[in-house]
Amino acid sequence: MNSSFGIKHIAQFILFVALQILLVDNLVLFGTGFCFIYVAFLLFLPIGISRMWLLILGFITGFTVDVFYDTIGIHAAASVLLAFLRPLVLNLLTPRDGYDTNDSVNIHVMGWRWFLAYALMLILLHHTAVFFLEKISLQDAWYTLAKILLSTLFTTTVMVILQLLFFSPKRERVDYR
Amino acid sequence: MRNLFAFIYRFRAFLVFLLLEVLCVYLIVRYNTYQGAAFFNSATKYVGQVLEFQSGVTDYFRLSSINNTLASENAALRKELMLYRLHAVTDSVAELDTTYYAATDSSKAYPFILYAGRVINNSVRRTNNTLTLAIGTADGIQPGMGVISPDGVVGRVKTVSEHYATVTSLLHSKMLVSAKIQKSNTFGTVKWTGGDYRTATLDYIPLHVKPAVGDTIVTSGFNTVFPEGIMIGTISNVEKEQDRSFYTIDVKLSVDFAQLSYVYVVESTKREEREELEEQAGIVDDEQ
């Protein structure tokens with residue numbers, strides 16, 4: 001565990017999971033759009049966090065949500081998958097001159113395009129895993145696909161709103177374009 | 001050997017990933033089956049406390065509708081009670097000589113006990129929906145008991161802790177309820193297929209019966225989970241498909257699952273005896 005991981009992230013963990021269980025659980029758009037905002041905790045972790053820690057945190061987060069949702073294993077599996085793929089996506093999206101030491105997952109620091117690409121990709125993967133694991137079969141695949149797409153958009157929108165509201169732009173710099 | 005360790009070290013992230021995913025799949029297979037009871041679930045003490053706190057807050061916003069349902073249920077029960085009183089007054093048979101009648105006719109004994117429970121967690125829009133109730137073993141709840149509301153069938157108790165219980169809702173892809181059409185006494189199976197939480201399907205109604213839209217569907221009483229004749233819903237659509245020997249029937253559920261506040265857990269006093277007997281006889285039934 002490196003020094004950048006501390007109270008702040010523990011607080012974020014509790015906040016995002018509580019938000020998921022107590023509030024967002026009841027928000028469903030048109031019966032198809034679900035919001036799994038707890039993944040924000042995993043997405044907002046420091047860029048340089050070790051892969052092992054990320055996997056373990058992914059499991060813990062998913063499992064906590066599972067316990068409240070009575071879906072043991074489903075969210076845990078999806079979150080572990082997300083945690084495994086996050087470093088790969090980060091690699092894919094590396095800015096031209098690599099990540100700075102003070103870079104973090106912040107819409108003001110990294111820019112809109114980077115953040116949206118990063119969030120959409122990982123959320124889409126996570127939601128696909130959740131909904132297909134829930135259903136297991138390919139029955140009603142179109143309905144499941146609709147659920148995945150709408151939920152991805154919903155979660156991403158909520159995540160962007162959270163970023164704009166609560167993440168300070170004080171380290172703002174010129175965007176990489 | 002050193003090479004092996006070097007290999008493991010190099011791919012440690014991937015190996016941990018595989019390990020965790022295998023664990024997750026094991027958990028899914030082991031605990032998400034219909035009967036599988038998880039050790040970690042929303043009936044666990046601390047999880048239950050969080051959910052109870054949450055519903056304690058949100059219930060304030062629904063107080064008037066909860067009061068309305070309880071009041072209308074009271075009115076219905078009172079009406080029924082008055083009817084019985086009226087029968088007792090006009091019917092003097094009960095006071096006749098007991099020579100001809102056994103004083104305690106076992107066929108009249110109603111071997112079901114109801115426990116009222118508050119719903120503290122509920123979902124209607126997932127593929128597999130569950131409820132959490134704020135009653136548990138301390139109140140006499142056991143896994144496998146049926147759960148009903150004033151309007152009809154709700155589900156079946158899955159796991160129980162001291163003060164909380166999780167319930168497999170009727171809105172669960174693995175939940176089958178043995179039902180019958182009240183008018184013709186034809187037996188079938190009610191199953192929820194996902195999507196709209198107000199409609200389920202009734203299967204295995206043979207083609208020689210003539211089900212009509214509006215017919216009432218009730219529980220069959222073929223097992224000990226639900227008493228006979230508990231409302232499930234009404235037929236909303238009947239279709240005859242070419243290549244099937246059964247009707248495709250849509251049922252409009254009588255319970256509004258999104259509005260559940262208080263439910264009753266049904267205990268059958270003869271359950272153990274009957275299940276034991278049926279097990280000995282080799283009758284295996286996955287319907288509830």
# chains A, B, ... in the order shown; residues from 1 in each chain; ligands from 1
call {"tool": "closest_atom_pairs", "arguments": {"of": "chain B", "to": "chain A", "cutoff": "9 Å", "atoms": "only C-alpha atoms", "output": "JSON lines"}}
result
{"residue": "B:Arg12", "atom": "CA", "partner": "A:Met52", "partner_atom": "CA", "distance": 7.8}
{"residue": "B:Ala13", "atom": "CA", "partner": "A:Met52", "partner_atom": "CA", "distance": 5.6}
{"residue": "B:Phe14", "atom": "CA", "partner": "A:Phe84", "partner_atom": "CA", "distance": 7.7}
{"residue": "B:Val16", "atom": "CA", "partner": "A:Met52", "partner_atom": "CA", "distance": 7.3}
{"residue": "B:Phe17", "atom": "CA", "partner": "A:Phe84", "partner_atom": "CA", "distance": 6.5}
{"residue": "B:Leu20", "atom": "CA", "partner": "A:Val80", "partner_atom": "CA", "distance": 7.1}
{"residue": "B:Glu21", "atom": "CA", "partner": "A:Ala77", "partner_atom": "CA", "distance": 5.6}
{"residue": "B:Val22", "atom": "CA", "partner": "A:Ala77", "partner_atom": "CA", "distance": 8.6}
{"residue": "B:Leu23", "atom": "CA", "partner": "A:Gly73", "partner_atom": "CA", "distance": 8.1}
{"residue": "B:Cys24", "atom": "CA", "partner": "A:Gly73", "partner_atom": "CA", "distance": 4.7}
{"residue": "B:Val25", "atom": "CA", "partner": "A:Gly73", "partner_atom": "CA", "distance": 6.6}
{"residue": "B:Tyr26", "atom": "CA", "partner": "A:Gly73", "partner_atom": "CA", "distance": 7.9}
{"residue": "B:Leu27", "atom": "CA", "partner": "A:Gly73", "partner_atom": "CA", "distance": 5.2}
{"residue": "B:Ile28", "atom": "CA", "partner": "A:Gly73", "partner_atom": "CA", "distance": 4.9}
{"residue": "B:Val29", "atom": "CA", "partner": "A:Gly73", "partner_atom": "CA", "distance": 8.6}
{"residue": "B:Tyr31", "atom": "CA", "partner": "A:Ile72", "partner_atom": "CA", "distance": 6.6}
{"residue": "B:Asn32", "atom": "CA", "partner": "A:Thr71", "partner_atom": "CA", "distance": 6.6}
{"residue": "B:Ala38", "atom": "CA", "partner": "A:Ile72", "partner_atom": "CA", "distance": 7.6}
{"residue": "B:Phe40", "atom": "CA", "partner": "A:Val67", "partner_atom": "CA", "distance": 6.0}
{"residue": "B:Asn41", "atom": "CA", "partner": "A:Val67", "partner_atom": "CA", "distance": 4.9}
{"residue": "B:Ser42", "atom": "CA", "partner": "A:Phe68", "partner_atom": "CA", "distance": 5.2}
{"residue": "B:Ala43", "atom": "CA", "partner": "A:Phe68", "partner_atom": "CA", "distance": 9.0}
{"residue": "B:Thr44", "atom": "CA", "partner": "A:Val67", "partner_atom": "CA", "distance": 8.7}
{"residue": "B:Val47", "atom": "CA", "partner": "A:Phe68", "partner_atom": "CA", "distance": 6.7}
{"residue": "B:Gly48", "atom": "CA", "partner": "A:Phe68", "partner_atom": "CA", "distance": 8.7}
{"residue": "B:Val50", "atom": "CA", "partner": "A:Leu22", "partner_atom": "CA", "distance": 8.7}
{"residue": "B:Leu51", "atom": "CA", "partner": "A:Leu22", "partner_atom": "CA", "distance": 8.0}
{"residue": "B:Gln54", "atom": "CA", "partner": "A:Leu22", "partner_atom": "CA", "distance": 6.4}
{"residue": "B:Ser123", "atom": "CA", "partner": "A:Asn26", "partner_atom": "CA", "distance": 8.2}
{"residue": "B:Arg125", "atom": "CA", "partner": "A:Gly31", "partner_atom": "CA", "distance": 6.1}
{"residue": "B:Arg126", "atom": "CA", "partner": "A:Glu134", "partner_atom": "CA", "distance": 8.6}
{"residue": "B:Thr127", "atom": "CA", "partner": "A:Glu134", "partner_atom": "CA", "distance": 6.7}
{"residue": "B:Asn128", "atom": "CA", "partner": "A:Glu134", "partner_atom": "CA", "distance": 7.7}
{"residue": "B:Asn129", "atom": "CA", "partner": "A:Asp70", "partner_atom": "CA", "distance": 8.6}
{"residue": "B:Thr130", "atom": "CA", "partner": "A:Asp70", "partner_atom": "CA", "distance": 7.2}
{"residue": "B:Leu131", "atom": "CA", "partner": "A:Asp70", "partner_atom": "CA", "distance": 9.0}
{"residue": "B:Thr166", "atom": "CA", "partner": "A:Asp70", "partner_atom": "CA", "distance": 8.5}
{"residue": "B:Ser173", "atom": "CA", "partner": "A:Lys135", "partner_atom": "CA", "distance": 8.9}
{"residue": "B:Gly195", "atom": "CA", "partner": "A:Gly31", "partner_atom": "CA", "distance": 7.8}
{"residue": "B:Asp196", "atom": "CA", "partner": "A:Gly31", "partner_atom": "CA", "distance": 8.0}
call {"tool": "write_last_selection", "arguments": {"atoms": "N, CA and C atoms", "output": "short mmCIF file (atom, residue, chain, number, x, y, z; two decimals), in the first residue's frame"}}
result
data_model
loop_
_atom_site.label_atom_id
_atom_site.label_comp_id
_atom_site.auth_asym_id
_atom_site.auth_seq_id
_atom_site.Cartn_x
_atom_site.Cartn_y
_atom_site.Cartn_z
N ARG B 12 1.67 -12.45 -11.18
CA ARG B 12 0.89 -12.54 -9.94
C ARG B 12 -0.46 -11.85 -10.05
N ALA B 13 -0.48 -10.69 -10.74
CA ALA B 13 -1.75 -9.97 -10.85
C ALA B 13 -2.78 -10.82 -11.59
N PHE B 14 -2.33 -11.43 -12.68
CA PHE B 14 -3.26 -12.24 -13.47
C PHE B 14 -3.71 -13.46 -12.66
N VAL B 16 -3.87 -13.74 -9.36
CA VAL B 16 -4.81 -13.30 -8.31
C VAL B 16 -6.17 -13.02 -8.93
N PHE B 17 -6.14 -12.40 -10.11
CA PHE B 17 -7.40 -12.13 -10.82
C PHE B 17 -8.16 -13.43 -11.08
N LEU B 20 -9.57 -14.84 -7.80
CA LEU B 20 -10.74 -14.13 -7.30
C LEU B 20 -11.96 -14.42 -8.16
N GLU B 21 -11.76 -14.48 -9.48
CA GLU B 21 -12.91 -14.75 -10.35
C GLU B 21 -13.46 -16.16 -10.11
N VAL B 22 -12.54 -17.11 -9.92
CA VAL B 22 -13.00 -18.48 -9.64
C VAL B 22 -13.78 -18.49 -8.34
N LEU B 23 -13.29 -17.75 -7.35
CA LEU B 23 -14.01 -17.66 -6.08
C LEU B 23 -15.40 -17.07 -6.28
N CYS B 24 -15.48 -16.00 -7.09
CA CYS B 24 -16.77 -15.35 -7.36
C CYS B 24 -17.73 -16.32 -8.05
N VAL B 25 -17.21 -17.03 -9.06
CA VAL B 25 -18.07 -17.97 -9.78
C VAL B 25 -18.56 -19.05 -8.83
N TYR B 26 -17.65 -19.51 -7.97
CA TYR B 26 -18.06 -20.51 -6.97
C TYR B 26 -19.19 -19.95 -6.10
N LEU B 27 -19.02 -18.71 -5.66
CA LEU B 27 -20.05 -18.09 -4.81
C LEU B 27 -21.37 -17.97 -5.55
N ILE B 28 -21.28 -17.57 -6.84
CA ILE B 28 -22.51 -17.41 -7.62
C ILE B 28 -23.22 -18.75 -7.74
N VAL B 29 -22.47 -19.77 -8.12
CA VAL B 29 -23.08 -21.08 -8.34
C VAL B 29 -23.61 -21.65 -7.02
N TYR B 31 -24.42 -20.02 -4.10
CA TYR B 31 -25.38 -19.29 -3.27
C TYR B 31 -26.49 -18.59 -4.03
N ASN B 32 -26.41 -18.53 -5.34
CA ASN B 32 -27.49 -17.85 -6.05
C ASN B 32 -28.52 -18.82 -6.60
N ALA B 38 -27.07 -18.45 1.62
CA ALA B 38 -25.75 -17.85 1.78
C ALA B 38 -25.50 -17.51 3.24
N PHE B 40 -23.43 -15.02 3.96
CA PHE B 40 -23.46 -13.56 3.90
C PHE B 40 -24.69 -13.14 3.12
N ASN B 41 -25.62 -12.52 3.76
CA ASN B 41 -26.79 -12.02 3.05
C ASN B 41 -27.38 -10.87 3.84
N SER B 42 -28.47 -10.32 3.34
CA SER B 42 -28.99 -9.11 3.97
C SER B 42 -29.71 -9.41 5.29
N ALA B 43 -29.75 -10.69 5.70
CA ALA B 43 -30.32 -10.98 7.01
C ALA B 43 -29.25 -10.92 8.09
N THR B 44 -27.98 -10.77 7.69
CA THR B 44 -26.91 -10.67 8.66
C THR B 44 -27.15 -9.46 9.56
N VAL B 47 -25.89 -5.84 8.49
CA VAL B 47 -26.54 -5.45 7.24
C VAL B 47 -28.01 -5.15 7.50
N GLY B 48 -28.64 -6.02 8.28
CA GLY B 48 -30.04 -5.82 8.63
C GLY B 48 -30.26 -4.50 9.35
N VAL B 50 -28.47 -1.75 9.08
CA VAL B 50 -28.37 -0.64 8.13
C VAL B 50 -29.67 -0.52 7.34
N LEU B 51 -30.18 -1.66 6.86
CA LEU B 51 -31.40 -1.64 6.05
C LEU B 51 -32.59 -1.16 6.88
N GLN B 54 -32.42 2.49 7.16
CA GLN B 54 -32.82 3.13 5.92
C GLN B 54 -34.34 3.14 5.77
N SER B 123 -36.90 -5.09 -3.66
CA SER B 123 -36.54 -4.70 -5.02
C SER B 123 -37.56 -5.31 -5.96
N ARG B 125 -37.12 -4.50 -9.66
CA ARG B 125 -36.70 -4.32 -11.04
C ARG B 125 -35.49 -5.15 -11.43
N ARG B 126 -34.97 -5.96 -10.52
CA ARG B 126 -33.84 -6.80 -10.90
C ARG B 126 -34.33 -8.10 -11.51
N THR B 127 -33.40 -8.91 -12.00
CA THR B 127 -33.79 -10.20 -12.56
C THR B 127 -34.24 -11.14 -11.45
N ASN B 128 -33.51 -11.08 -10.33
CA ASN B 128 -33.87 -11.91 -9.18
C ASN B 128 -34.12 -11.00 -7.99
N ASN B 129 -35.37 -10.84 -7.65
CA ASN B 129 -35.70 -9.89 -6.60
C ASN B 129 -35.85 -10.59 -5.25
N THR B 130 -35.44 -9.89 -4.20
CA THR B 130 -35.56 -10.42 -2.86
C THR B 130 -36.09 -9.35 -1.93
N LEU B 131 -36.57 -9.77 -0.78
CA LEU B 131 -37.00 -8.84 0.25
C LEU B 131 -36.24 -9.17 1.53
N THR B 166 -34.43 -13.09 4.98
CA THR B 166 -34.49 -12.73 3.57
C THR B 166 -35.56 -13.60 2.90
N SER B 173 -36.42 -15.32 -10.76
CA SER B 173 -36.49 -16.18 -11.94
C SER B 173 -36.58 -17.66 -11.58
N GLY B 195 -38.93 -8.47 -16.52
CA GLY B 195 -39.61 -7.32 -17.10
C GLY B 195 -40.56 -6.67 -16.11
N ASP B 196 -41.81 -6.51 -16.55
CA ASP B 196 -42.81 -5.81 -15.75
C ASP B 196 -43.07 -6.54 -14.43
#
call {"tool": "residues_around", "arguments": {"residues": "Leu207 in chain B", "least_positions_apart": "6", "cutoff": "12 Å", "atoms": "only C-alpha atoms", "output": "PyMOL selection string"}}
result
chain B and resi 186+238-249
call {"tool": "write_last_selection", "arguments": {"atoms": "N, CA and C atoms", "output": "compact mmCIF listing (two decimals), in the first residue's frame"}}
result
# COMPACT_ATOMS: atom_id res chain seq x y z
N THR B 186 -58.33 -25.95 -12.21
CA THR B 186 -57.25 -26.50 -13.03
C THR B 186 -55.91 -26.05 -12.46
N VAL B 238 -54.88 -14.50 -22.58
CA VAL B 238 -54.77 -15.94 -22.86
C VAL B 238 -54.39 -16.11 -24.32
N GLU B 239 -53.37 -16.92 -24.56
CA GLU B 239 -52.98 -17.17 -25.95
C GLU B 239 -52.79 -18.65 -26.18
N LYS B 240 -53.19 -19.08 -27.37
CA LYS B 240 -53.03 -20.48 -27.74
C LYS B 240 -51.97 -20.51 -28.83
N GLU B 241 -50.85 -21.14 -28.53
CA GLU B 241 -49.80 -21.15 -29.55
C GLU B 241 -49.82 -22.46 -30.31
N GLN B 242 -49.47 -22.37 -31.58
CA GLN B 242 -49.53 -23.50 -32.50
C GLN B 242 -48.87 -24.77 -31.98
N ASP B 243 -47.61 -24.65 -31.57
CA ASP B 243 -46.82 -25.85 -31.32
C ASP B 243 -46.75 -26.20 -29.84
N ARG B 244 -47.65 -25.65 -29.04
CA ARG B 244 -47.59 -25.97 -27.62
C ARG B 244 -48.87 -26.66 -27.18
N SER B 245 -48.74 -27.58 -26.25
CA SER B 245 -49.93 -28.27 -25.79
C SER B 245 -50.52 -27.60 -24.55
N PHE B 246 -49.97 -26.44 -24.20
CA PHE B 246 -50.52 -25.69 -23.07
C PHE B 246 -50.79 -24.26 -23.50
N TYR B 247 -51.67 -23.61 -22.77
CA TYR B 247 -51.93 -22.20 -23.03
C TYR B 247 -50.74 -21.35 -22.57
N THR B 248 -50.58 -20.19 -23.18
CA THR B 248 -49.68 -19.17 -22.65
C THR B 248 -50.57 -18.13 -21.99
N ILE B 249 -50.51 -18.05 -20.67
CA ILE B 249 -51.44 -17.18 -19.94
C ILE B 249 -50.65 -16.13 -19.15
call {"tool": "select_by_dssp", "arguments": {"residues": "range 39-264 of chain B", "states": "alpha helix (DSSP H)", "output": "number ranges by chain"}}
result
B: 45-58, 63-90
call {"tool": "write_last_selection", "arguments": {"atoms": "C-alpha atoms", "output": "JSON list (two decimals), in the first residue's frame"}}
result
[["chain", "number", "residue", "atom", "x", "y", "z"],
["B", 45, "LYS", "CA", -27.11, -8.62, 11.84],
["B", 46, "TYR", "CA", -25.22, -5.48, 10.79],
["B", 47, "VAL", "CA", -26.54, -5.45, 7.24],
["B", 48, "GLY", "CA", -30.04, -5.82, 8.63],
["B", 49, "GLN", "CA", -29.46, -2.91, 10.99],
["B", 50, "VAL", "CA", -28.37, -0.64, 8.13],
["B", 51, "LEU", "CA", -31.40, -1.64, 6.05],
["B", 52, "GLU", "CA", -33.72, -1.16, 9.01],
["B", 53, "PHE", "CA", -32.30, 2.32, 9.58],
["B", 54, "GLN", "CA", -32.82, 3.13, 5.92],
["B", 55, "SER", "CA", -36.41, 1.94, 5.84],
["B", 56, "GLY", "CA", -36.98, 3.76, 9.14],
["B", 57, "VAL", "CA", -36.24, 6.98, 7.28],
["B", 58, "THR", "CA", -37.95, 6.23, 3.98],
["B", 63, "LEU", "CA", -46.86, 6.60, 6.16],
["B", 64, "SER", "CA", -50.19, 7.68, 4.72],
["B", 65, "SER", "CA", -50.29, 4.92, 2.11],
["B", 66, "ILE", "CA", -49.17, 2.32, 4.67],
["B", 67, "ASN", "CA", -51.93, 3.49, 7.02],
["B", 68, "ASN", "CA", -54.43, 3.25, 4.21],
["B", 69, "THR", "CA", -53.56, -0.34, 3.37],
["B", 70, "LEU", "CA", -53.64, -1.36, 7.03],
["B", 71, "ALA", "CA", -56.96, 0.41, 7.56],
["B", 72, "SER", "CA", -58.57, -1.16, 4.50],
["B", 73, "GLU", "CA", -57.30, -4.57, 5.59],
["B", 74, "ASN", "CA", -58.80, -3.99, 9.03],
["B", 75, "ALA", "CA", -62.09, -3.08, 7.39],
["B", 76, "ALA", "CA", -62.05, -6.25, 5.27],
["B", 77, "LEU", "CA", -61.27, -8.42, 8.29],
["B", 78, "ARG", "CA", -63.96, -6.74, 10.36],
["B", 79, "LYS", "CA", -66.47, -7.35, 7.60],
["B", 80, "GLU", "CA", -65.56, -11.02, 7.51],
["B", 81, "LEU", "CA", -65.79, -11.24, 11.29],
["B", 82, "MET", "CA", -69.26, -9.71, 11.24],
["B", 83, "LEU", "CA", -70.31, -12.24, 8.64],
["B", 84, "TYR", "CA", -69.17, -15.05, 10.92],
["B", 85, "ARG", "CA", -71.04, -13.54, 13.84],
["B", 86, "LEU", "CA", -74.14, -13.33, 11.73],
["B", 87, "HIS", "CA", -73.74, -16.98, 10.79],
["B", 88, "ALA", "CA", -73.27, -17.90, 14.43],
["B", 89, "VAL", "CA", -76.47, -16.07, 15.35],
["B", 90, "THR", "CA", -78.62, -17.49, 12.58]]
call {"tool": "atom_distance", "arguments": {"atom1": "CA of Ala258 in chain B", "atom2": "CA of Thr224 in chain B"}}
result
26.4 Å
call {"tool": "closest_residue", "arguments": {"among": "A:Leu88, A:Leu124, A:Leu42, A:Ile47", "to": "Met110 in chain A", "atoms": "only C-alpha atoms"}}
result
A:Ile47
call {"tool": "closest_residue", "arguments": {"among": "A:Leu27, A:Ala40, A:Leu120, A:Leu150", "to": "Ile14 in chain A", "atoms": "only C-alpha atoms"}}
result
A:Ala40
call {"tool": "residues_around", "arguments": {"residues": "Tyr197 in chain B", "least_positions_apart": "6", "cutoff": "8 Å", "atoms": "only C-alpha atoms", "output": "ChimeraX atom specification"}}
result
/B:124-125,171,257
call {"tool": "atom_distance", "arguments": {"atom1": "CA of Val213 in chain B", "atom2": "CA of Asp256 in chain B"}}
result
19.5 Å
call {"tool": "closest_residue", "arguments": {"among": "A:Leu165, A:Val109, A:Leu93, A:Ala146", "to": "Leu29 in chain A", "atoms": "only C-alpha atoms"}}
result
A:Ala146
call {"tool": "atom_distance", "arguments": {"atom1": "CA of Phe61 in chain B", "atom2": "CA of Ser261 in chain B"}}
result
11.9 Å
call {"tool": "decode", "arguments": {"residues": "range 47-86 of chain A", "atoms": "C-alpha atoms", "output": "short mmCIF file (atom, residue, chain, number, x, y, z; two decimals), in the first residue's frame"}}
result
data_model
loop_
_atom_site.label_atom_id
_atom_site.label_comp_id
_atom_site.auth_asym_id
_atom_site.auth_seq_id
_atom_site.Cartn_x
_atom_site.Cartn_y
_atom_site.Cartn_z
CA ILE A 47 -3.50 5.92 -11.12
CA GLY A 48 -0.33 4.37 -9.72
CA ILE A 49 -2.01 1.95 -7.30
CA SER A 50 -0.57 -1.55 -7.42
CA ARG A 51 -2.55 -4.09 -9.42
CA MET A 52 -2.75 -6.52 -6.53
CA TRP A 53 -4.33 -3.96 -4.24
CA LEU A 54 -6.72 -2.91 -6.94
CA LEU A 55 -7.92 -6.50 -7.39
CA ILE A 56 -8.39 -7.03 -3.68
CA LEU A 57 -10.21 -3.71 -3.28
CA GLY A 58 -12.37 -4.60 -6.27
CA PHE A 59 -13.36 -7.84 -4.64
CA ILE A 60 -14.11 -6.21 -1.28
CA THR A 61 -16.21 -3.46 -2.86
CA GLY A 62 -18.22 -5.80 -5.05
CA PHE A 63 -18.74 -8.24 -2.21
CA THR A 64 -20.02 -5.51 0.13
CA VAL A 65 -22.59 -4.44 -2.43
CA ASP A 66 -23.50 -8.10 -3.06
CA VAL A 67 -24.27 -8.66 0.60
CA PHE A 68 -26.78 -5.82 0.59
CA TYR A 69 -28.23 -6.78 -2.78
CA ASP A 70 -28.46 -10.51 -1.96
CA THR A 71 -26.60 -11.33 -5.17
CA ILE A 72 -23.53 -13.00 -3.69
CA GLY A 73 -20.70 -13.10 -6.23
CA ILE A 74 -22.20 -11.18 -9.14
CA HIS A 75 -21.01 -7.66 -8.34
CA ALA A 76 -17.80 -9.09 -6.87
CA ALA A 77 -17.01 -10.88 -10.14
CA ALA A 78 -17.76 -7.79 -12.22
CA SER A 79 -15.72 -5.53 -9.94
CA VAL A 80 -12.72 -7.87 -9.99
CA LEU A 81 -12.94 -7.89 -13.78
CA LEU A 82 -13.04 -4.09 -13.76
CA ALA A 83 -10.06 -3.96 -11.39
CA PHE A 84 -8.10 -6.29 -13.64
CA LEU A 85 -8.83 -4.31 -16.79
CA ARG A 86 -8.34 -0.83 -15.30
#
